[in-house]
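Chemist: Following this message is one structure expressed as C-alpha cells.
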Amino acid sequence: MKEKLKYFILNNAYGFEQGTYENMEVDGNKLRFCQGRKPGISCFMTKAFDSLERGNTWHRLVINTENCSDEELRIIVYASDDKELVYKGEPYMIDDVISAEEIKMSEKKAMLSPFEKKLIGGAHDILLHDVSGRYLWVYVELLISSDTPAVINDIRLYLPAESWIDRLPDIYRKSDAGSGFLERYLAIFQTLYEEVEYDIDCIADRFDPESAESGFLEWLAQWLDIADHSMWTEDKFRKFMMSAVSLYRSRGTRESLSRVIELYTGEKPFIIENAELLKYRGTENYENTLVPLYGKDPYKVYILVSNDVIHSDSDIDVLWQIAREFMPMTVSFEVRVLEPYLFLGQNSYLGINSSLSQPNNAVLDGKSRLTLSVLGEQNNNKE
C-alpha cells in the first residue's frame, strides 16, 4: 500500500517570518505586498523543509495567492541532500544564508544557484516528481502591476512523490515511460482528488473563526444571521465571531452591548441609562446638569466613546448599527464622542477626556502651553 501523502504548510506569521522577503510584509497570517509602495517586484524565500530522507522525491507544490495571476508569478525550487555550501571559497549553511538580513535576495539566489532544480513561470500548482533531495526550499517572485496589493495566503508542499500511473497495469507504465503524457494527464485528476482530501482533512479548521479562510468567514456569518460583516476588519470580525454565541445569547443587555462595542473600537465604552439617573430626581444637580445633558426620557441610553477610537464618520455609523443590533427595540439611544476638551455643561469628565494640571511658564519647546506669562519687561511708567 502506498504511503499516505504528507505535507508542509506555511499559513501563519511564524512560518512566513522563518523565511525571508523583500517588498513584502506579514499581515495577520498572510504575506502581503507592502502597501504604499509603487508596483514592482516583490519576493519571498521559504525556509528549508526537511523530509528526513536523503534522496527523497517530492510530490507537489501549491501556492495560494490573491490578486496575482499565473503570468505575474515566478517560482524557483531548490533541493539538496546537505545543508552546507561553499561560496567564493567560504563555507556557509543554507539556513544561515536564507535568514541573513544583511544579504540581499539577489545575492542569496546567486549563492544558492547550485541547488536550483526547477524554474517555473505561470503556474500556482506544480508537480515536483523530477525534484529530489532531503531538503527543499522555494523562491517566489511576484510581479505587481496594479495598485491592488498581491497576497500569499499559504504555501503547501507535498511528499513523497506519488503518481496514479503506478496503480495501472505494467503495460501502461512501460508505454508511457518515454513521453510521460499519461502520467501528466492523470495528474490533473489526481490533483483534484488531493484537493478534496485536503479540504476533508482540514474541515475542522473551517468551522473555527480563528483559523477559517477569509472567504469561509462569510459562510459562517450566515449561520448567525450576520447580514453586514463588511463593516468589520477581518481581525476584529474573527474576534467577534468567536464571541458571537455568548453575545447573541445575552443580546439586549448592557453587558453584551459593551462587549461588542469594545470588540469594534478596542476600548470599553461608557453606557449611561437614563433610568439610572432618576434616583437624582428632585435635586438641583439633576435639573441643572443631568437633564440638559441627557433629558428626561427613562427609555433612552447614551453610548459615550473616546475620540481616539473614532477615525471617520463611518465609524459612528458602524457603532450606530452595532448598537441597534444589540439594543432592545423599545429603547432609543444616542452615540456621543468624547472630545478631548473641557467644556462646562457638556460631556467633559475629569480623568476621562479632560484633566487638571499645574500651568507651566512658556517655553519654546513645542510642548508647553502658553500661560499668562509675560515675555520681556512691561513698562508701566506714565508720562
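Letters A, B, ... mark the chains of the C-alpha cells in the order given; residue numbers begin at 1 per chain; ligand numbers begin at 1, in order shown.
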For A:Gly55, find every residue with an atom within 12 Å (counting only C-alpha atoms), except residues of its own chain fewer than 4 positions away, and show them as a PyMOL selection string.
Modeler: chain A and resi 50-51+79-82+129-136+160-161
Chemist: What is the distance between atom CA of A:Asp208 and atom CA of A:Leu31, in Å to one decimal?
Modeler: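 Taking atom CA of A:Asp208 as the start and atom CA of A:Leu31 as the end point, the length is 21.1 Å.
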Chemist: Rounded to one decimal, what separation in Å do you get between atom CA of A:Arg238 and atom CA of A:Ile322?
Modeler: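 Calculated distance between atom CA of A:Arg238 and atom CA of A:Ile322 is 15.7 Å.
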Chemist: If you measure from atom CA of A:Phe44 to atom CA of A:Arg60, what distance in Å do you get, rounded to one decimal?
Modeler: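 That distance, rounded to one decimal, is 18.5 Å.
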